[in-house]
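The block underneath contains the structure these notes are about, expressed in structure tokens.
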There are 4 protein chains.
Amino acid sequence: MKACSRIDKARCNCAVVGVSGTTEASRLAYLALYAQQHRGQESSGIAASDGRHLSRHVGRGLVADVFSDQAVFATLSGHLAIGHNRYSTTGASHLVNAQPLVANFREGQFAISHNGNLTTSGGLRRKLEEEGSLFQTTTDTEVLLHLIARSREQGLVARIQDALRQIEGAYSLVMMCNDRIFAARDPHGVRPLCLGRKDESWFVVSETCALDLLRAEIVRDVEPGELVEIHDGKIESHRFAPPSPRHACIFEFVYFSRPDSRIFNENVDRVRRRLGKNLALESPVDADIVISVPDSSNTAAVGYARRTGIKFELGLIRNHYVGRTFIHPQQDMRDFNVRIKFNPVKGVLQDRRVVVIEDSIVRGTTLRQLVSLIRQAGAREVHVRVSSPPIISPCYYGMDFPSTNELIAAHKSVTEIRDYLKCDSLAYLSLEGLLKSVVHDQDGFCAACFTGNYPIPVEDDYSKQVHESL
Amino acid sequence: MKACSRIDKARCNCAVVGVSGTTEASRLAYLALYAQQHRGQESSGIAASDGRHLSRHVGRGLVADVFSDQAVFATLSGHLAIGHNRYSTTGASHLVNAQPLVANFREGQFAISHNGNLTTSGGLRRKLEEEGSLFQTTTDTEVLLHLIARSREQGLVARIQDALRQIEGAYSLVMMCNDRIFAARDPHGVRPLCLGRKDESWFVVSETCALDLLRAEIVRDVEPGELVEIHDGKIESHRFAPPSPRHACIFEFVYFSRPDSRIFNENVDRVRRRLGKNLALESPVDADIVISVPDSSNTAAVGYARRTGIKFELGLIRNHYVGRTFIHPQQDMRDFNVRIKFNPVKGVLQDRRVVVIEDSIVRGTTLRQLVSLIRQAGAREVHVRVSSPPIISPCYYGMDFPSTNELIAAHKSVTEIRDYLKCDSLAYLSLEGLLKSVVHDQDGFCAACFTGNYPIPVEDDYSKQVHESL
Amino acid sequence: MKACSRIDKARCNCAVVGVSGTTEASRLAYLALYAQQHRGQESSGIAASDGRHLSRHVGRGLVADVFSDQAVFATLSGHLAIGHNRYSTTGASHLVNAQPLVANFREGQFAISHNGNLTTSGGLRRKLEEEGSLFQTTTDTEVLLHLIARSREQGLVARIQDALRQIEGAYSLVMMCNDRIFAARDPHGVRPLCLGRKDESWFVVSETCALDLLRAEIVRDVEPGELVEIHDGKIESHRFAPPSPRHACIFEFVYFSRPDSRIFNENVDRVRRRLGKNLALESPVDADIVISVPDSSNTAAVGYARRTGIKFELGLIRNHYVGRTFIHPQQDMRDFNVRIKFNPVKGVLQDRRVVVIEDSIVRGTTLRQLVSLIRQAGAREVHVRVSSPPIISPCYYGMDFPSTNELIAAHKSVTEIRDYLKCDSLAYLSLEGLLKSVVHDQDGFCAACFTGNYPIPVEDDYSKQVHESL
Amino acid sequence: MKACSRIDKARCNCAVVGVSGTTEASRLAYLALYAQQHRGQESSGIAASDGRHLSRHVGRGLVADVFSDQAVFATLSGHLAIGHNRYSTTGASHLVNAQPLVANFREGQFAISHNGNLTTSGGLRRKLEEEGSLFQTTTDTEVLLHLIARSREQGLVARIQDALRQIEGAYSLVMMCNDRIFAARDPHGVRPLCLGRKDESWFVVSETCALDLLRAEIVRDVEPGELVEIHDGKIESHRFAPPSPRHACIFEFVYFSRPDSRIFNENVDRVRRRLGKNLALESPVDADIVISVPDSSNTAAVGYARRTGIKFELGLIRNHYVGRTFIHPQQDMRDFNVRIKFNPVKGVLQDRRVVVIEDSIVRGTTLRQLVSLIRQAGAREVHVRVSSPPIISPCYYGMDFPSTNELIAAHKSVTEIRDYLKCDSLAYLSLEGLLKSVVHDQDGFCAACFTGNYPIPVEDDYSKQVHESL
């Protein structure tokens with residue numbers, strides 16, 4: 001447990017889901033979480049309502065593990081459900097912080113799943129505590145619960161609107177009271193949130209790949225500044241903030257979202273291929289083969305290979321069985337952490353001049369080991385091409401980057417990074433090349449991690465906390 | 001999860017403990033809970049503080065099971081600890097309700113263990129919820145946390161006093177903030193709470209048998225209406241209510257406390273022997289042997305045998321391995337529930353006229369089966385003698401009795417009960433005989449379960465809830 | 001895993017059960033094991049057969065824990081079942097050794113539960129291994145399985161008889177092939193084994209208290225040297241050895257069996273009361289109260305009190321929640337191991353001259369602590385009376401005594417033991433007094449632990465192993 | 001438990017490992033099993049020896065789960081270790097059958113890990129049972145243990161050779177006695193088995209990808225008919241059978257082995273790419289894109305795309321989080337089983353003529369659903385190309401194919417299969433094309449699943465069992 005007033009800003013980009021209008025609500029929420037597992041593997045949870053009572057089940061680990069027991073779904077009965085996958089690499093991940101959070105209001109019970117980060121929650125929390133509010137968790141999400149509970153407005157919609165107007169940050173929210181579901185997205189539209197439908201059922205998901213699994217159709221995004229109320233098979237749109245310039249997270253395209261999803265009205269796969277193509281245009285190289293760091297760089301690598309005409313090959317095999325509790329050997333084994341995940345295919349790499357496509361470089365430690373592995377497998381030359389610009393600033397809106405002093409590009413020039421990686425050449429995609437890869441609304445993105453320009457205010461102690469704690 | 005504003009009054013008489021001034025605080029709290037296991041087997045928990053941070057571990061089941069892993073104590077470090085054993089027979093026993101409860105105040109963290117029942121908490125909770133307080137549990141204890149958090153008084157002691165003045169009911173509390181421990185007892189002194197000491201360490205326990213195990217000495221009871229602050233090896237006494245007539249629970253002597261404890265300044269064992277002797281004086285019988293329903297009636301049975309001169313025998317063997325998860329046979333087995341717990345000793349009972357001493361009769365179902373078992377074992381006559389008066393009213397102050405319509409003595413005369421039990425004769429101890437068994441302060445007791453006279457106000461919906469839900 | 005040819009003679013007196021002729025066979029076996037839990041708490045297991053297939057479930061811990069999941073019984077289907085409770089205090093208690101053992105013969109599957117010790121199994125095992133037999137466990141029981149499998153006789157009954165003739169030792173066996181159950185008892189009749197019946201169902205149990213729980217009636221003991229075959233609702237008696245002098249274990253009466261059981265045609269309770277009375281006749285003392293070390297000495301204490309006329313009191317309260325995984329305090333707490341189990345009742349002991357009845361003294365360490373506890377509680381004098389003679393020799397037939405050099409009476413005189421215990425006086429029951437307490441067949445007992453005269457041959461390396469390993 | 005004499009031929013192609021000459025033997029065995037996880041996910045186990053004692057740990061599930069607790073390795077101490085991953089899709093997968101199997105011989109303990117199937121073990125087992133051997137498992141591997149135990153030869157090597165000469169089938173074995181490790185491969189060399197080395201340590205693995213992770217170098221294959229003894233840092237080669245024509249399993253190249261492994265002296269990746277190229281030569285098609293069914297068909301798809309010049313695209317995203325305990329929705333969801341694993345990328349497939357490369361077709365049910373999914377995603381045409389010939393016969397040597405009547409190609413023509421799959425065209429690689437893809441020793445392969453010609457004798461009841469039970 002952390003000391004009072006401290007908010008454990010997990011910088012977590014997570015997955016949220018809401019399901020309404022089906023007797024299998026909790027099972028479908030489970031499937032939607034499963035399809036969005038890549039957005040959070042630390043803990044998972046579902047809250048369900050049968051119109052009168054809320055029930056909840058949360059646990060650590062993968063969705064399939066947390067809900068491995070059929071019997072859980074009998075306790076999560078009802079036609080409404082919301083869920084959450086939590087992504088966190090911080091050690092202090094207490095189950096008490098697992099979402100959905102549930103609390104008792106005077107009108108009844110209320111549950112909330114939150115993706116993003118509230119950037120002024122520390123001050124709000126201090127103020128609430130001074131007024132006698134009790135906090136159970138160290139999440140910023142709980143601040144929102146208190147603001148809704150304390151609002152003087154009449155009616156739940158008005159109280160939620162009132163609360164949302166008091167907070168700043170990046171958030172995509174799915175909420176549930178005993179008889180309905182709400183979805184809301186911050187006025188900047190930083191994180192994705194999409195409405196789907198199948199027959200009488202409505203769905204809210206972070207990524208559309210979850211709708212695909214449920215065989216539901218995409219209806220539309222929840223708009224920035226919009227609060228959607230889902231009740232009795234109908235949706236009603238409320239606004240809590242006027243239209244403001246969109247600042248969707250460009251890094252969702254670069255790395256975080258699944259290529260088969262459609263977010264911010266773009267197919268991720270298509271954007272990602274264009275990243276590879278634009279990278280090829282900007283930084284071609286004379287080489288024999290193009291390989292990808294699987295799986296997140298596959299699409300960009302195919303794009304790069306296509307545009308340059310160099311052969312695409314499968315040069316690294318990824319072991320998908322790596323789990324959390326992996327036991328390491330006691331003796332020091334060089335490159336072990338990367339070898340346990342990737343094995344080079346010698347027959348492919350031997351005597352070749354290799355272009356390695358990587359989606360982004362954070363610290364550079366893994367990539368350095370990979371370059372070494374590829375060389376040991378016999379590659380004659382190793383050229384690294386990165387399908388995004390250098391990351392020079394931390395993210396305050398949910399992406400789990402380390403603090404500035406651990407970001408390699410914040411301190412080293414491209415030449416220095418090339419020397420560190422020990423590759424023969426290194427090139428990043430330019431910011432222009434990045435933005436050009438998006439078809440619509442190229443101005444509507446937050447690229448703060450590449451530029452240092454933060455579109456949403458951040459309170460001092462939060463930015464300080466990010467810098468120190470990481 | 002229950003609906004809003006509903007308080008799950010578990011009618012739980014529980015065990016509490018506080019430990020201060022030893023680096024082994026959480027381990028000693030564990031031992032004290034273990035010694036008080038008879039006061040609650042449903043769940044168990046400990047919160048500890050090292051002066052700066054609080055940590056907590058709770059779980060379902062027996063103390064030894066909840067804390068079976070040594071490693072838990074490494075996380076419960078510090079020189080302060082409080083603990084709780086929860087007694088509950090209600091199905092809706094969610095782990096979220098497990099104590100100690102912990103919350104974040106503006107001054108820091110705060111933990112609380114509560115034995116008893118707050119009898120006006122429903123109205124308080126509704127009021128707090130209307131003012132925007134969020135509730136996480138359905139316990140009445142959480143109301144108290146909110147009252148402390150919201151108090152306008154200066155300083156933690158004043159705020160606790162302020163909060164305690166707003167509540168009614170029976171309660172023995174142990175509380176902990178980051179650097180000290182508090183103990184408080186309701187102005188009526190319904191439940192026991194005792195201070196102990198060993199070297200530099202202070203202890204607060206429900207029953208002194210816990211002090212015996214810790215080799216600590218009894219210092220004194222926490223007084224009714226007193227708030228004790230334990231800090232830096234010293235205790236400081238505060239009052240939050242003026243002296244009022246004591247109403248200690250007489251049923252603690254009849255059944256609940258361990259015979260080797262000293263509560264309300266009396267040895268339980270000695271009172272219980274007198275119950276047997278007074279019963280013998282009031283209701284002797286011509287018989288061959290006296291047997292007890294082990295173990296709670298053993299002492300009274302020895303007293304009865306001594307005074308009547310009839311031989312005391314061990315006529316029933318109790319199986320102590322009965323667990324919660326016991327699997328029953330599928331076929332209907334008559335008397336199974338009592339047979340699994342007790343086996344009659346045929347060699348003792350055959351052809352004898354038997355007096356069975358039982359401490360109290362609630363529903364009468366178990367005793368009826370026991371009488372039948374004793375007859376099947378060959379007893380010629382079975383005379384039941386009860387070492388307390390007929391229970392005619394439910395308890396609102398913590399004892400887990402059923403509602404009035406399940407209390408056999410609320411609806412049947414002694415003759416009718418005798419017929420129901422199918423025993424040859426039946427006699428209860430009189431109320432006078434009961435009170436005479438106590439040496440000091442015979443007026444200072446609550447005997448509402450035997451008389452229907454409730455000394456502490458109870459809000460309507462609570463008494464209604466007790467009557468309905470049970 | 002132990003080295004080859006080593007047999008882990010657990011010196012385990014255990015509980016066995018067989019159930020035949022009911023669709024609830026495995027559930028009734030479970031209840032019978034539960035009633036015999038006192039005979040073994042280390043592991044528990046059941047094998048069941050539906051006439052064609054055997055299934056098995058074993059686990060560590062108490063019966064109720066091993067079979068806490070209802071679903072287990074669905075896998076243990078069929079009208080036949082045998083079970084086992086294993087008692088072992090040795091550290092090397094591998095689950096692979098848990099019983100019933102199951103193996104595949106050419107005729108089908110075969111399961112066996114064994115109570116006792118084979119005293120010549122080491123040599124047999126070596127011989128079998130030289131002939132190419134594979135051993136899976138380190139139990140002596142597995143030797144018997146191999147002997148049955150390798151017998152050249154025709155038919156399973158003849159092969160079991162053949163195998164039993166090759167072994168020596170103390171054993172009560174329950175065995176099961178796909179369609180029937182067998183029970184056998186060594187020619188000396190060391191351990192109890194009893195047949196029971198209810199309607200069409202037959203039962204085999206170690207102690208009759210299990211029959212009581214099942215509402216079955218006692219039919220008769222399995223005779224020494226008899227092999228009983230239970231099939232199709234009938235029993236058939238075979239002999240594998242001629243009648244020989246019985247050597248039933250007298251220590252079953254002194255301590256091991258439950259007082260409500262009937263073994264060797266005697267009520268345990270009655271014998272135990274006589275032990276107390278004869279002890280009173282031999283060694284009276286001028287004192288105020290008689291107390292027992294609960295629960296095993298209760299009956300003898302009542303007998304002693306009755307005969308001397310001294311008041312019987314409950315001076316020690318036993319905590320029945322002591323589990324295996326109990327966490328100890330780190331600081332050294334004097335007498336902790338005995339205090340965690342027993343708490344003295346000060347009100348009873350203060351200023352009294354106390355007689356403490358104990359059933360037997362093995363090492364003396366616990367009793368020494370108890371005497372100290374009783375003195376601390378204020379007793380003026382403490383007189384120890386033991387309801388059996390001094391234990392001077394280890395048991396090779398199943399009782400878990402330590403080696404000779406740990407048996408206090410093997411090295412010290414009664415006066416020296418009294419000094420060690422720090423009691424005011426000490427007296428043991430004489431061997432004559434012990435044997436006189438039994439009504440029938442006073443010559444038919446093994447009292448080797450009190451006399452050193454072993455009626456059944458023991459191979460050298462076994463007796464050596466007992467002396468060394470313990 | 002199965003009935004007597006029944007051998008549960010799991011048709012399991014598994015992973016084995018042996019490690020010698022390092023104090024971290026069990027940890028390195030763990031890593032080697034981890035790298036070979038794709039060869040078996042049902043259970044995993046390791047046995048270790050410190051020269052005097054063997055210890056063992058086995059469990060169900062993935063390697064990382066079975067060995068998630070560091071403490072396990074403390075019990076698996078010693079410089080020798082062998083391990084096993086078990087692949088089984090049959091329901092009757094009892095933990096008792098988990099490998100390595102361990103037994104006690106007269107010389108000491110012996111452990112064995114087995115990959116493959118013994119094709120005459122049923123008769124051998126019946127014979128052994130008639131001679132009185134006890135079986136604990138239903139695996140064919142246990143037969144081998146008994147044959148070694150019963151051999152009349154002198155010395156362990158001679159006894160193993162003697163036993164191996166009595167068995168028929170496909171097997172790659174790693175064995176361990178207290179002080180050394182053995183590796184053996186059947187005279188036909190059906191399954192891979194490779195020797196590796198690093199400094200003083202020797203390794204035996206099924207696939208070389210495990211040596212890569214350990215940073216060990218490939219030394220050579222264990223030869224068909226060879227028994228290798230590893231002791232004191234040296235290897236000694238023994239033969240138990242004369243050289244016979246090799247019949248290595250061609251299906252290891254088609255599907256089972258990892259592409260980064262080298263088996264049978266060929267790089268799997270290189271063979272697999274040639275499969276794609278030869279398929280392109282034999283069955284080109286006019287289309288817009290080539291996609292793979294990830295991940296096993298990726299390499300062949302790249303080969304096919306390269307040779308035809310059609311663009312390679314990532315048209316299906318595979319979800320790697322699918323676990324064993326996945327909870328399905330209750331309502332019938334069409335294509336659910338395939339959708340949970342694969343999601344089509346609409347932006348890639350829409351309006352395209354698609355070639356889908358699949359490595360093999362067994363039942364066809366999954367592929368049929370995939371074709372449907374691809375069409376729903378908007379593909380204009382779907383052409384299936386299979387990089388191996390039609391599977392018409394079951395495998396008796398370890399590959400987990402179903403019985404003949406479930407193999408779609410055993411009953412349907414290519415045209416009929418195309419109609420069943422609902423694809424626009426379908427073509428298989430020819431047998432010649434398959435064999436041509438291997439560079440060396442194209443005659444030395446078993447292709448019985450494609451031809452029905454079985455090079456190793458199979459006893460009647462085994463082939464019958466395969467046909468019936470599946």
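Identifiers in the structure tokens: chain A, B, ... in order shown; residue index from 1 per chain; ligand index from 1 in order shown.
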Near chain A, which residues of chain B fall within 6 Å when you count only C-alpha atoms, and what do they look like as a short mmCIF file (atom, residue, chain, number, x, y, z; two decimals) with N, CA and C atoms, in the first residue's frame?
data_model
loop_
_atom_site.label_atom_id
_atom_site.label_comp_id
_atom_site.auth_asym_id
_atom_site.auth_seq_id
_atom_site.Cartn_x
_atom_site.Cartn_y
_atom_site.Cartn_z
N MET B 1 -22.60 -8.85 -4.41
CA MET B 1 -22.69 -7.49 -3.93
C MET B 1 -24.14 -7.11 -3.65
N CYS B 4 -27.25 -0.91 -2.91
CA CYS B 4 -26.86 0.30 -2.19
C CYS B 4 -27.60 0.49 -0.88
N SER B 55 0.31 -2.45 5.56
CA SER B 55 0.10 -3.56 4.66
C SER B 55 -1.00 -4.43 5.26
N ALA B 103 -8.34 2.14 4.89
CA ALA B 103 -8.70 3.23 3.99
C ALA B 103 -7.63 4.31 4.05
N ASN B 104 -7.65 5.17 3.04
CA ASN B 104 -6.70 6.27 2.98
C ASN B 104 -7.38 7.55 3.45
N PHE B 105 -6.90 8.15 4.53
CA PHE B 105 -7.36 9.45 5.01
C PHE B 105 -6.40 10.52 4.50
N ARG B 106 -6.77 11.77 4.76
CA ARG B 106 -5.82 12.79 4.34
C ARG B 106 -4.54 12.73 5.16
N GLY B 108 -3.18 10.00 6.21
CA GLY B 108 -2.46 8.76 5.95
C GLY B 108 -3.43 7.60 5.97
N GLU B 129 -24.12 8.63 2.10
CA GLU B 129 -24.20 8.41 0.65
C GLU B 129 -24.83 9.62 -0.03
N GLU B 130 -25.84 10.22 0.62
CA GLU B 130 -26.45 11.40 0.03
C GLU B 130 -25.45 12.55 -0.08
N GLY B 132 -22.43 12.09 -0.84
CA GLY B 132 -21.42 11.75 -1.84
C GLY B 132 -20.33 10.80 -1.38
N LEU B 134 -18.50 7.34 -0.93
CA LEU B 134 -18.45 6.06 -1.65
C LEU B 134 -18.24 4.93 -0.66
N PHE B 135 -19.04 3.88 -0.75
CA PHE B 135 -18.85 2.72 0.12
C PHE B 135 -18.32 1.54 -0.69
N GLN B 136 -17.38 0.85 -0.08
CA GLN B 136 -16.78 -0.30 -0.76
C GLN B 136 -17.32 -1.61 -0.22
N ALA B 149 -13.28 10.16 8.82
CA ALA B 149 -12.68 10.92 7.71
C ALA B 149 -13.34 12.29 7.56
N ARG B 150 -14.63 12.37 7.83
CA ARG B 150 -15.37 13.61 7.59
C ARG B 150 -15.44 14.52 8.81
#
Backbone-only DSSP, strand (DSSP E) members of region 9-127 of chain B, as a PyMOL selection string:
chain B and resi 15-20+43-49+54-60+80-86+101-104+109-118
Output C-alpha atoms for every residue in the selection just made, as a JSON list (two decimals), in the first residue's frame.
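Final output, saved to again.json:
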[["chain", "number", "residue", "atom", "x", "y", "z"],
["B", 15, "ALA", "CA", -12.26, -11.60, 17.78],
["B", 16, "VAL", "CA", -10.06, -8.52, 17.59],
["B", 17, "VAL", "CA", -6.44, -7.96, 18.49],
["B", 18, "GLY", "CA", -3.92, -5.14, 18.54],
["B", 19, "VAL", "CA", -0.17, -5.45, 19.04],
["B", 20, "SER", "CA", 2.26, -2.60, 19.60],
["B", 43, "SER", "CA", -12.28, -15.26, 7.64],
["B", 44, "SER", "CA", -9.20, -13.80, 9.21],
["B", 45, "GLY", "CA", -6.96, -10.85, 8.57],
["B", 46, "ILE", "CA", -4.06, -8.77, 9.81],
["B", 47, "ALA", "CA", -2.92, -5.24, 8.98],
["B", 48, "ALA", "CA", 0.57, -4.11, 10.02],
["B", 49, "SER", "CA", 2.45, -0.83, 10.02],
["B", 54, "LEU", "CA", 0.34, -0.12, 6.17],
["B", 55, "SER", "CA", 0.10, -3.56, 4.66],
["B", 56, "ARG", "CA", -2.75, -6.03, 4.92],
["B", 57, "HIS", "CA", -3.48, -9.70, 4.36],
["B", 58, "VAL", "CA", -6.95, -11.23, 4.65],
["B", 59, "GLY", "CA", -8.44, -14.51, 3.56],
["B", 60, "ARG", "CA", -11.23, -16.98, 4.11],
["B", 80, "LEU", "CA", 2.28, -2.37, 14.94],
["B", 81, "ALA", "CA", -0.42, -4.80, 13.93],
["B", 82, "ILE", "CA", -4.13, -5.30, 14.35],
["B", 83, "GLY", "CA", -6.15, -8.37, 13.45],
["B", 84, "HIS", "CA", -9.61, -9.82, 13.19],
["B", 85, "ASN", "CA", -11.38, -13.18, 13.09],
["B", 86, "ARG", "CA", -14.77, -12.99, 11.46],
["B", 101, "LEU", "CA", -10.73, -2.64, 6.82],
["B", 102, "VAL", "CA", -8.12, -0.20, 5.52],
["B", 103, "ALA", "CA", -8.70, 3.23, 3.99],
["B", 104, "ASN", "CA", -6.70, 6.27, 2.98],
["B", 109, "GLN", "CA", -3.75, 5.24, 6.17],
["B", 110, "PHE", "CA", -6.13, 3.92, 8.77],
["B", 111, "ALA", "CA", -7.15, 0.36, 9.66],
["B", 112, "ILE", "CA", -9.96, -0.91, 11.83],
["B", 113, "SER", "CA", -11.09, -4.21, 13.41],
["B", 114, "HIS", "CA", -14.57, -4.31, 14.84],
["B", 115, "ASN", "CA", -16.36, -6.75, 17.12],
["B", 116, "GLY", "CA", -20.06, -6.11, 17.61],
["B", 117, "ASN", "CA", -22.86, -4.39, 15.75],
["B", 118, "LEU", "CA", -23.70, -0.77, 15.13]]
For the atom pair CA of Tyr462 (chain D) and CA of Cys14 (chain D), what is the interatomic distance in Å to one decimal place?
19.2 Å
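Here CA of Ser403 (chain C) is placed at a distance of 23.4 Å from CA of His188 (chain C).
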Set the distance at 7 Å and use only C-alpha atoms: which residues neighbour Ser237 (chain C) once local chain neighbours fewer than 5 positions away are removed? I'd like the list as a PyMOL selection string.
chain C and resi 226-229
Please provide the set of residues having any atom within 6 Å of region 305-321 of chain A, restricted to only C-alpha atoms, with same-chain residues fewer than 5 positions apart removed, written as a VMD selection string.
chain A and resid 277 289 to 291 341 to 345 348
Just write the chosen residues, C-alpha atoms, as an mmCIF file, in the first residue's frame.
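This is the output file out_2.cif:
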data_model
loop_
_atom_site.group_PDB
_atom_site.id
_atom_site.type_symbol
_atom_site.label_atom_id
_atom_site.label_comp_id
_atom_site.auth_asym_id
_atom_site.auth_seq_id
_atom_site.Cartn_x
_atom_site.Cartn_y
_atom_site.Cartn_z
ATOM 1 C CA LYS A 277 6.824 2.097 -47.647
ATOM 2 C CA ILE A 289 16.911 -9.573 -47.574
ATOM 3 C CA VAL A 290 14.452 -7.700 -45.379
ATOM 4 C CA ILE A 291 13.466 -9.282 -42.067
ATOM 5 C CA LYS A 341 12.166 -14.839 -27.198
ATOM 6 C CA PHE A 342 13.803 -14.881 -30.638
ATOM 7 C CA ASN A 343 15.894 -17.475 -32.460
ATOM 8 C CA PRO A 344 17.656 -16.507 -35.697
ATOM 9 C CA VAL A 345 17.210 -18.767 -38.702
ATOM 10 C CA VAL A 348 18.184 -17.436 -43.978
#
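The neighbours of region 278-287 of chain C here are the residues that come within 6 Å of it, using only C-alpha atoms and leaving out any residue fewer than 6 positions away in the same chain; they are C:Tyr304, C:Arg353, C:Val354, C:Leu429, C:Gly433.
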Run DSSP on the backbone and grab whatever in region 26-240 of chain B lands in alpha helix (DSSP H); send it over as a PyMOL selection string.
chain B and resi 26-35+63-66+71-75+121-130+141-150+156-165+209-213
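Once region 373-377 of chain C and its same-chain neighbours fewer than 4 positions away are set aside, C:Pro344, C:Lys346, C:Leu349, C:Gln350, C:Gln369 remain within 7 Å of it when counting only C-alpha atoms.
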Export of prior selection with N, CA and C atoms as a CSV table (one decimal), in the first residue's frame:
chain,number,residue,atom,x,y,z
C,344,PRO,N,-3.7,-23.7,30.6
C,344,PRO,CA,-4.2,-24.1,31.9
C,344,PRO,C,-5.3,-23.1,32.4
C,346,LYS,N,-6.5,-21.2,35.2
C,346,LYS,CA,-6.0,-20.7,36.5
C,346,LYS,C,-7.0,-20.9,37.6
C,349,LEU,N,-6.7,-24.4,38.9
C,349,LEU,CA,-5.5,-24.9,39.4
C,349,LEU,C,-4.9,-24.2,40.6
C,350,GLN,N,-5.2,-22.9,40.7
C,350,GLN,CA,-4.6,-22.1,41.7
C,350,GLN,C,-4.7,-22.7,43.1
C,369,GLN,N,7.0,-29.8,30.0
C,369,GLN,CA,6.4,-28.4,29.8
C,369,GLN,C,5.1,-28.2,30.4
Using only C-alpha atoms, which protein or nucleic acid residues come within 6 Å of region 205-209 of chain D? Drop anything in the same chain fewer than 2 positions from it, and give the result as a PyMOL selection string.
chain D and resi 15-17+192-194+211-212+261-262
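Rounded to one decimal, CA of Asn267 (chain D) and CA of Ser297 (chain D) lie 15.6 Å from each other.
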